[in-house]
$ cat structure-v1.cif   # mmCIF, N, CA and C atoms and all ligand atoms
data_query
#
loop_
_atom_site.label_atom_id
_atom_site.label_comp_id
_atom_site.auth_asym_id
_atom_site.auth_seq_id
_atom_site.Cartn_x
_atom_site.Cartn_y
_atom_site.Cartn_z
N MET G 1 -36.97 -98.16 -44.97
CA MET G 1 -36.34 -99.34 -45.57
C MET G 1 -34.95 -99.51 -45.03
N GLN G 2 -34.54 -100.74 -44.93
CA GLN G 2 -33.18 -101.02 -44.46
C GLN G 2 -32.40 -101.71 -45.58
N ILE G 3 -31.18 -101.23 -45.79
CA ILE G 3 -30.33 -101.77 -46.84
C ILE G 3 -29.15 -102.48 -46.19
N THR G 4 -28.91 -103.71 -46.62
CA THR G 4 -27.80 -104.47 -46.08
C THR G 4 -26.96 -105.02 -47.22
N ARG G 5 -25.65 -104.89 -47.09
CA ARG G 5 -24.77 -105.43 -48.12
C ARG G 5 -24.54 -106.91 -47.84
N ASN G 6 -24.77 -107.76 -48.85
CA ASN G 6 -24.53 -109.19 -48.70
C ASN G 6 -23.07 -109.51 -49.01
N ASP G 7 -22.61 -110.65 -48.52
CA ASP G 7 -21.22 -111.04 -48.74
C ASP G 7 -20.89 -111.23 -50.22
N ASN G 8 -21.89 -111.57 -51.03
CA ASN G 8 -21.63 -111.81 -52.46
C ASN G 8 -21.73 -110.54 -53.29
N GLY G 9 -21.87 -109.38 -52.63
CA GLY G 9 -21.85 -108.12 -53.35
C GLY G 9 -23.21 -107.59 -53.75
N THR G 10 -24.27 -108.38 -53.55
CA THR G 10 -25.60 -107.87 -53.79
C THR G 10 -26.07 -107.14 -52.54
N TYR G 11 -27.22 -106.47 -52.66
CA TYR G 11 -27.75 -105.74 -51.52
C TYR G 11 -29.17 -106.19 -51.23
N ALA G 12 -29.48 -106.38 -49.97
CA ALA G 12 -30.82 -106.73 -49.56
C ALA G 12 -31.53 -105.47 -49.08
N VAL G 13 -32.72 -105.24 -49.62
CA VAL G 13 -33.52 -104.09 -49.22
C VAL G 13 -34.79 -104.59 -48.58
N LYS G 14 -34.96 -104.24 -47.32
CA LYS G 14 -36.16 -104.66 -46.59
C LYS G 14 -37.17 -103.54 -46.67
N SER G 15 -38.32 -103.82 -47.26
CA SER G 15 -39.34 -102.79 -47.43
C SER G 15 -40.16 -102.63 -46.17
N ALA G 16 -40.95 -101.57 -46.15
CA ALA G 16 -41.78 -101.29 -44.98
C ALA G 16 -42.79 -102.40 -44.74
N SER G 17 -43.17 -103.12 -45.78
CA SER G 17 -44.14 -104.20 -45.65
C SER G 17 -43.54 -105.46 -45.04
N GLY G 18 -42.21 -105.47 -44.90
CA GLY G 18 -41.54 -106.62 -44.32
C GLY G 18 -40.91 -107.54 -45.34
N ALA G 19 -41.23 -107.34 -46.62
CA ALA G 19 -40.62 -108.16 -47.67
C ALA G 19 -39.19 -107.70 -47.91
N THR G 20 -38.32 -108.63 -48.24
CA THR G 20 -36.94 -108.30 -48.55
C THR G 20 -36.66 -108.60 -50.01
N TYR G 21 -36.12 -107.62 -50.73
CA TYR G 21 -35.80 -107.79 -52.14
C TYR G 21 -34.30 -107.65 -52.33
N GLU G 22 -33.81 -108.23 -53.40
CA GLU G 22 -32.39 -108.24 -53.66
C GLU G 22 -32.05 -107.30 -54.82
N ILE G 23 -31.08 -106.43 -54.56
CA ILE G 23 -30.57 -105.53 -55.60
C ILE G 23 -29.27 -106.13 -56.12
N THR G 24 -29.23 -106.35 -57.43
CA THR G 24 -28.08 -107.03 -58.03
C THR G 24 -27.43 -106.13 -59.08
N TYR G 25 -26.12 -106.09 -59.07
CA TYR G 25 -25.39 -105.31 -60.06
C TYR G 25 -25.56 -105.95 -61.44
N ALA G 26 -25.99 -105.16 -62.42
CA ALA G 26 -26.35 -105.72 -63.73
C ALA G 26 -25.33 -105.42 -64.81
N GLY G 27 -24.31 -104.66 -64.51
CA GLY G 27 -23.31 -104.40 -65.54
C GLY G 27 -22.69 -103.03 -65.38
N CYS G 28 -21.54 -102.83 -66.03
CA CYS G 28 -20.86 -101.56 -65.93
C CYS G 28 -21.37 -100.58 -66.97
N GLY G 29 -21.03 -99.32 -66.81
CA GLY G 29 -21.49 -98.31 -67.74
C GLY G 29 -21.27 -96.94 -67.14
N ASP G 30 -22.06 -96.00 -67.58
CA ASP G 30 -21.98 -94.65 -67.07
C ASP G 30 -22.18 -94.66 -65.56
N ALA G 31 -21.36 -93.92 -64.85
CA ALA G 31 -21.46 -93.89 -63.39
C ALA G 31 -22.58 -92.97 -62.90
N ASP G 32 -23.36 -92.46 -63.82
CA ASP G 32 -24.48 -91.59 -63.44
C ASP G 32 -25.44 -92.32 -62.50
N PRO G 33 -25.62 -91.81 -61.29
CA PRO G 33 -26.49 -92.51 -60.33
C PRO G 33 -27.95 -92.54 -60.75
N GLU G 34 -28.32 -91.72 -61.72
CA GLU G 34 -29.70 -91.74 -62.20
C GLU G 34 -29.94 -92.87 -63.20
N PHE G 35 -28.83 -93.50 -63.63
CA PHE G 35 -28.94 -94.53 -64.65
C PHE G 35 -29.29 -95.85 -63.96
N VAL G 36 -30.55 -96.01 -63.63
CA VAL G 36 -30.97 -97.10 -62.75
C VAL G 36 -30.85 -98.48 -63.39
N SER G 37 -30.73 -98.56 -64.70
CA SER G 37 -30.72 -99.87 -65.33
C SER G 37 -29.45 -100.66 -65.05
N LEU G 38 -28.46 -100.01 -64.40
CA LEU G 38 -27.26 -100.74 -64.03
C LEU G 38 -27.53 -101.75 -62.93
N TRP G 39 -28.66 -101.61 -62.27
CA TRP G 39 -28.99 -102.50 -61.16
C TRP G 39 -30.34 -103.14 -61.40
N ASP G 40 -30.50 -104.35 -60.93
CA ASP G 40 -31.78 -105.04 -61.01
C ASP G 40 -32.32 -105.24 -59.61
N CYS G 41 -33.65 -105.10 -59.48
CA CYS G 41 -34.31 -105.39 -58.20
C CYS G 41 -35.20 -106.61 -58.39
N SER G 42 -35.28 -107.43 -57.37
CA SER G 42 -36.03 -108.68 -57.47
C SER G 42 -37.52 -108.50 -57.21
N CYS G 43 -37.97 -107.28 -56.93
CA CYS G 43 -39.40 -107.09 -56.68
C CYS G 43 -40.18 -107.14 -58.00
N PRO G 44 -41.51 -107.29 -57.95
CA PRO G 44 -42.30 -107.41 -59.19
C PRO G 44 -42.12 -106.24 -60.14
N ALA G 45 -42.09 -105.03 -59.65
CA ALA G 45 -41.90 -103.87 -60.53
C ALA G 45 -40.52 -103.91 -61.17
N GLY G 46 -39.51 -104.24 -60.38
CA GLY G 46 -38.15 -104.28 -60.89
C GLY G 46 -37.99 -105.35 -61.95
N GLN G 47 -38.65 -106.48 -61.78
CA GLN G 47 -38.54 -107.57 -62.75
C GLN G 47 -39.19 -107.21 -64.08
N HIS G 48 -40.06 -106.20 -64.06
CA HIS G 48 -40.68 -105.75 -65.30
C HIS G 48 -40.00 -104.50 -65.85
N GLY G 49 -38.80 -104.21 -65.33
CA GLY G 49 -38.01 -103.13 -65.88
C GLY G 49 -38.43 -101.75 -65.43
N ARG G 50 -39.28 -101.69 -64.41
CA ARG G 50 -39.71 -100.39 -63.95
C ARG G 50 -38.88 -99.95 -62.75
N ASP G 51 -38.78 -98.64 -62.60
CA ASP G 51 -38.13 -98.10 -61.41
C ASP G 51 -39.00 -98.43 -60.21
N CYS G 52 -38.35 -98.76 -59.11
CA CYS G 52 -39.11 -99.05 -57.90
C CYS G 52 -38.49 -98.29 -56.74
N LYS G 53 -39.22 -98.21 -55.66
CA LYS G 53 -38.74 -97.42 -54.53
C LYS G 53 -37.52 -98.07 -53.87
N HIS G 54 -37.40 -99.40 -54.00
CA HIS G 54 -36.22 -100.06 -53.43
C HIS G 54 -34.97 -99.59 -54.15
N MET G 55 -35.07 -99.58 -55.48
CA MET G 55 -33.95 -99.15 -56.31
C MET G 55 -33.59 -97.69 -56.03
N LYS G 56 -34.60 -96.86 -55.98
CA LYS G 56 -34.34 -95.44 -55.76
C LYS G 56 -33.70 -95.21 -54.40
N THR G 57 -34.18 -95.93 -53.39
CA THR G 57 -33.61 -95.79 -52.06
C THR G 57 -32.17 -96.28 -52.04
N PHE G 58 -31.95 -97.41 -52.70
CA PHE G 58 -30.60 -97.96 -52.75
C PHE G 58 -29.64 -97.00 -53.46
N LEU G 59 -30.05 -96.50 -54.62
CA LEU G 59 -29.16 -95.64 -55.41
C LEU G 59 -28.86 -94.34 -54.68
N ALA G 60 -29.82 -93.86 -53.90
CA ALA G 60 -29.62 -92.62 -53.19
C ALA G 60 -28.63 -92.78 -52.03
N ASN G 61 -28.41 -94.02 -51.63
CA ASN G 61 -27.59 -94.26 -50.44
C ASN G 61 -26.41 -95.19 -50.68
N ALA G 62 -26.25 -95.68 -51.90
CA ALA G 62 -25.21 -96.67 -52.17
C ALA G 62 -23.82 -96.15 -51.85
N TRP G 63 -23.61 -94.85 -52.04
CA TRP G 63 -22.28 -94.29 -51.81
C TRP G 63 -21.84 -94.53 -50.36
N ARG G 64 -22.77 -94.64 -49.45
CA ARG G 64 -22.39 -94.82 -48.05
C ARG G 64 -21.66 -96.14 -47.82
N PHE G 65 -21.97 -97.12 -48.67
CA PHE G 65 -21.34 -98.42 -48.49
C PHE G 65 -19.87 -98.40 -48.84
N ASP G 66 -19.44 -97.40 -49.61
CA ASP G 66 -18.03 -97.30 -49.94
C ASP G 66 -17.21 -96.93 -48.71
N GLU G 67 -17.87 -96.30 -47.76
CA GLU G 67 -17.15 -95.90 -46.56
C GLU G 67 -17.05 -97.05 -45.57
N ASP G 68 -18.11 -97.77 -45.40
CA ASP G 68 -18.11 -98.90 -44.48
C ASP G 68 -19.14 -99.91 -44.95
N PRO G 69 -18.72 -100.90 -45.72
CA PRO G 69 -19.65 -101.85 -46.32
C PRO G 69 -20.35 -102.74 -45.31
N CYS G 70 -19.93 -102.68 -44.05
CA CYS G 70 -20.56 -103.54 -43.06
C CYS G 70 -21.78 -102.88 -42.41
N ASP G 71 -21.97 -101.60 -42.68
CA ASP G 71 -23.08 -100.92 -42.05
C ASP G 71 -24.40 -101.15 -42.77
N ALA G 72 -25.45 -101.26 -42.02
CA ALA G 72 -26.79 -101.28 -42.59
C ALA G 72 -27.35 -99.86 -42.51
N ILE G 73 -28.22 -99.54 -43.45
CA ILE G 73 -28.77 -98.19 -43.53
C ILE G 73 -30.28 -98.26 -43.41
N SER G 74 -30.84 -97.41 -42.58
CA SER G 74 -32.28 -97.30 -42.49
C SER G 74 -32.73 -96.00 -43.14
N VAL G 75 -33.81 -96.09 -43.94
CA VAL G 75 -34.36 -94.91 -44.58
C VAL G 75 -35.79 -94.75 -44.09
N GLY G 76 -36.05 -93.64 -43.43
CA GLY G 76 -37.38 -93.39 -42.90
C GLY G 76 -38.38 -93.05 -43.98
N ALA G 77 -39.66 -93.00 -43.62
CA ALA G 77 -40.70 -92.69 -44.58
C ALA G 77 -40.49 -91.31 -45.19
N ASP G 78 -39.84 -90.43 -44.44
CA ASP G 78 -39.59 -89.08 -44.93
C ASP G 78 -38.30 -89.00 -45.74
N GLY G 79 -37.64 -90.15 -45.93
CA GLY G 79 -36.42 -90.17 -46.72
C GLY G 79 -35.16 -89.92 -45.92
N GLU G 80 -35.31 -89.69 -44.64
CA GLU G 80 -34.14 -89.45 -43.81
C GLU G 80 -33.36 -90.75 -43.62
N VAL G 81 -32.05 -90.67 -43.70
CA VAL G 81 -31.20 -91.85 -43.66
C VAL G 81 -30.45 -91.90 -42.33
N SER G 82 -30.41 -93.09 -41.76
CA SER G 82 -29.58 -93.29 -40.57
C SER G 82 -28.84 -94.61 -40.71
N ILE G 83 -27.63 -94.65 -40.19
CA ILE G 83 -26.82 -95.86 -40.27
C ILE G 83 -27.00 -96.66 -38.98
N CYS G 84 -27.37 -97.91 -39.16
CA CYS G 84 -27.66 -98.77 -38.01
C CYS G 84 -26.40 -99.48 -37.53
N GLU G 85 -26.57 -100.34 -36.58
CA GLU G 85 -25.46 -101.14 -36.08
C GLU G 85 -24.96 -102.07 -37.19
N THR G 86 -23.74 -102.51 -37.04
CA THR G 86 -23.15 -103.41 -38.01
C THR G 86 -23.96 -104.71 -38.07
N VAL G 87 -24.24 -105.17 -39.27
CA VAL G 87 -25.01 -106.40 -39.47
C VAL G 87 -24.12 -107.44 -40.09
N ARG G 88 -24.05 -108.56 -39.46
CA ARG G 88 -23.26 -109.67 -39.99
C ARG G 88 -24.02 -110.97 -39.81
ZN ZN B 1 -37.83 -103.15 -56.07
#

$ encode --input "structure-v1.cif" --output "C-alpha cells" --more "lines below"
Ligand SMILES: [Zn+2]
Amino acid sequence: MQITRNDNGTYAVKSASGATYEITYAGCGDADPEFVSLWDCSCPAGQHGRDCKHMKTFLANAWRFDEDPCDAISVGADGEVSICETVR
C-alpha cells in the first residue's frame, strides 16, 4: 500500500487492489497509536466502524510523516516500509 499526505491534511491510502481510500482525522484524544477511532477510513469496513488494513497500515507509519510530510510511503505485502519519491 502507498500512503500519501494530501494538502488538506487527510491521507490517501492506495490499496493493493488499486482502490484509493481516504484517512481523515476524526478528533483529538489519547495519543495511543492503538486507539484507531481517532481516524476514519473511507473504505466499506471503515465506514462501518471496523478496523481495516488501510487504517492499520497508516497508523503504523504515520509517525514518518512528521519527519517529511511530502514523502509517500510504500508498504509491502510483508509489512516492510519504504519511502518513495516525493509526491506532489
Ligand atoms: Zn480502510

$ residues_near_ligand --input "structure-v1.cif" --ligand "ligand ZN 1 (chain B)" --cutoff "6 Å" --atoms "all atoms listed in the file" --output "number ranges by chain"
G: 41-46, 52-55

$ residues_around --input "structure-v1.cif" --residues "Phe58 (chain G)" --least-positions-apart "2" --cutoff "9 Å" --atoms "only C-alpha atoms" --output "list in words"
Ile3, Tyr11, Val13, Ile23, Lys53, His54, Met55, Lys56, Ala60, Asn61 and Ala62 of chain G

$ write_last_selection --input "structure-v1.cif" --atoms "N, CA and C atoms" --output "compact mmCIF listing (two decimals), keeping the file's coordinate frame"
# COMPACT_ATOMS: atom_id res chain seq x y z
N ILE G 3 -31.18 -101.23 -45.79
CA ILE G 3 -30.33 -101.77 -46.84
C ILE G 3 -29.15 -102.48 -46.19
N TYR G 11 -27.22 -106.47 -52.66
CA TYR G 11 -27.75 -105.74 -51.52
C TYR G 11 -29.17 -106.19 -51.23
N VAL G 13 -32.72 -105.24 -49.62
CA VAL G 13 -33.52 -104.09 -49.22
C VAL G 13 -34.79 -104.59 -48.58
N ILE G 23 -31.08 -106.43 -54.56
CA ILE G 23 -30.57 -105.53 -55.60
C ILE G 23 -29.27 -106.13 -56.12
N LYS G 53 -39.22 -98.21 -55.66
CA LYS G 53 -38.74 -97.42 -54.53
C LYS G 53 -37.52 -98.07 -53.87
N HIS G 54 -37.40 -99.40 -54.00
CA HIS G 54 -36.22 -100.06 -53.43
C HIS G 54 -34.97 -99.59 -54.15
N MET G 55 -35.07 -99.58 -55.48
CA MET G 55 -33.95 -99.15 -56.31
C MET G 55 -33.59 -97.69 -56.03
N LYS G 56 -34.60 -96.86 -55.98
CA LYS G 56 -34.34 -95.44 -55.76
C LYS G 56 -33.70 -95.21 -54.40
N ALA G 60 -29.82 -93.86 -53.90
CA ALA G 60 -29.62 -92.62 -53.19
C ALA G 60 -28.63 -92.78 -52.03
N ASN G 61 -28.41 -94.02 -51.63
CA ASN G 61 -27.59 -94.26 -50.44
C ASN G 61 -26.41 -95.19 -50.68
N ALA G 62 -26.25 -95.68 -51.90
CA ALA G 62 -25.21 -96.67 -52.17
C ALA G 62 -23.82 -96.15 -51.85

$ atom_distance --input "structure-v1.cif" --atom1 "CA of Met1 (chain G)" --atom2 "atom N of Lys14 (chain G)"
5.4 Å

$ atom_distance --input "structure-v1.cif" --atom1 "CA of Asp78 (chain G)" --atom2 "CA of Ala26 (chain G)"
28.4 Å

$ atom_distance --input "structure-v1.cif" --atom1 "CA of Trp63 (chain G)" --atom2 "CA of Glu22 (chain G)"
17.3 Å

$ closest_residue --input "structure-v1.cif" --among "G:Thr57, G:Asp40, G:Thr24, G:Gly18" --to "Arg5 (chain G)" --atoms "only C-alpha atoms"
G:Thr24
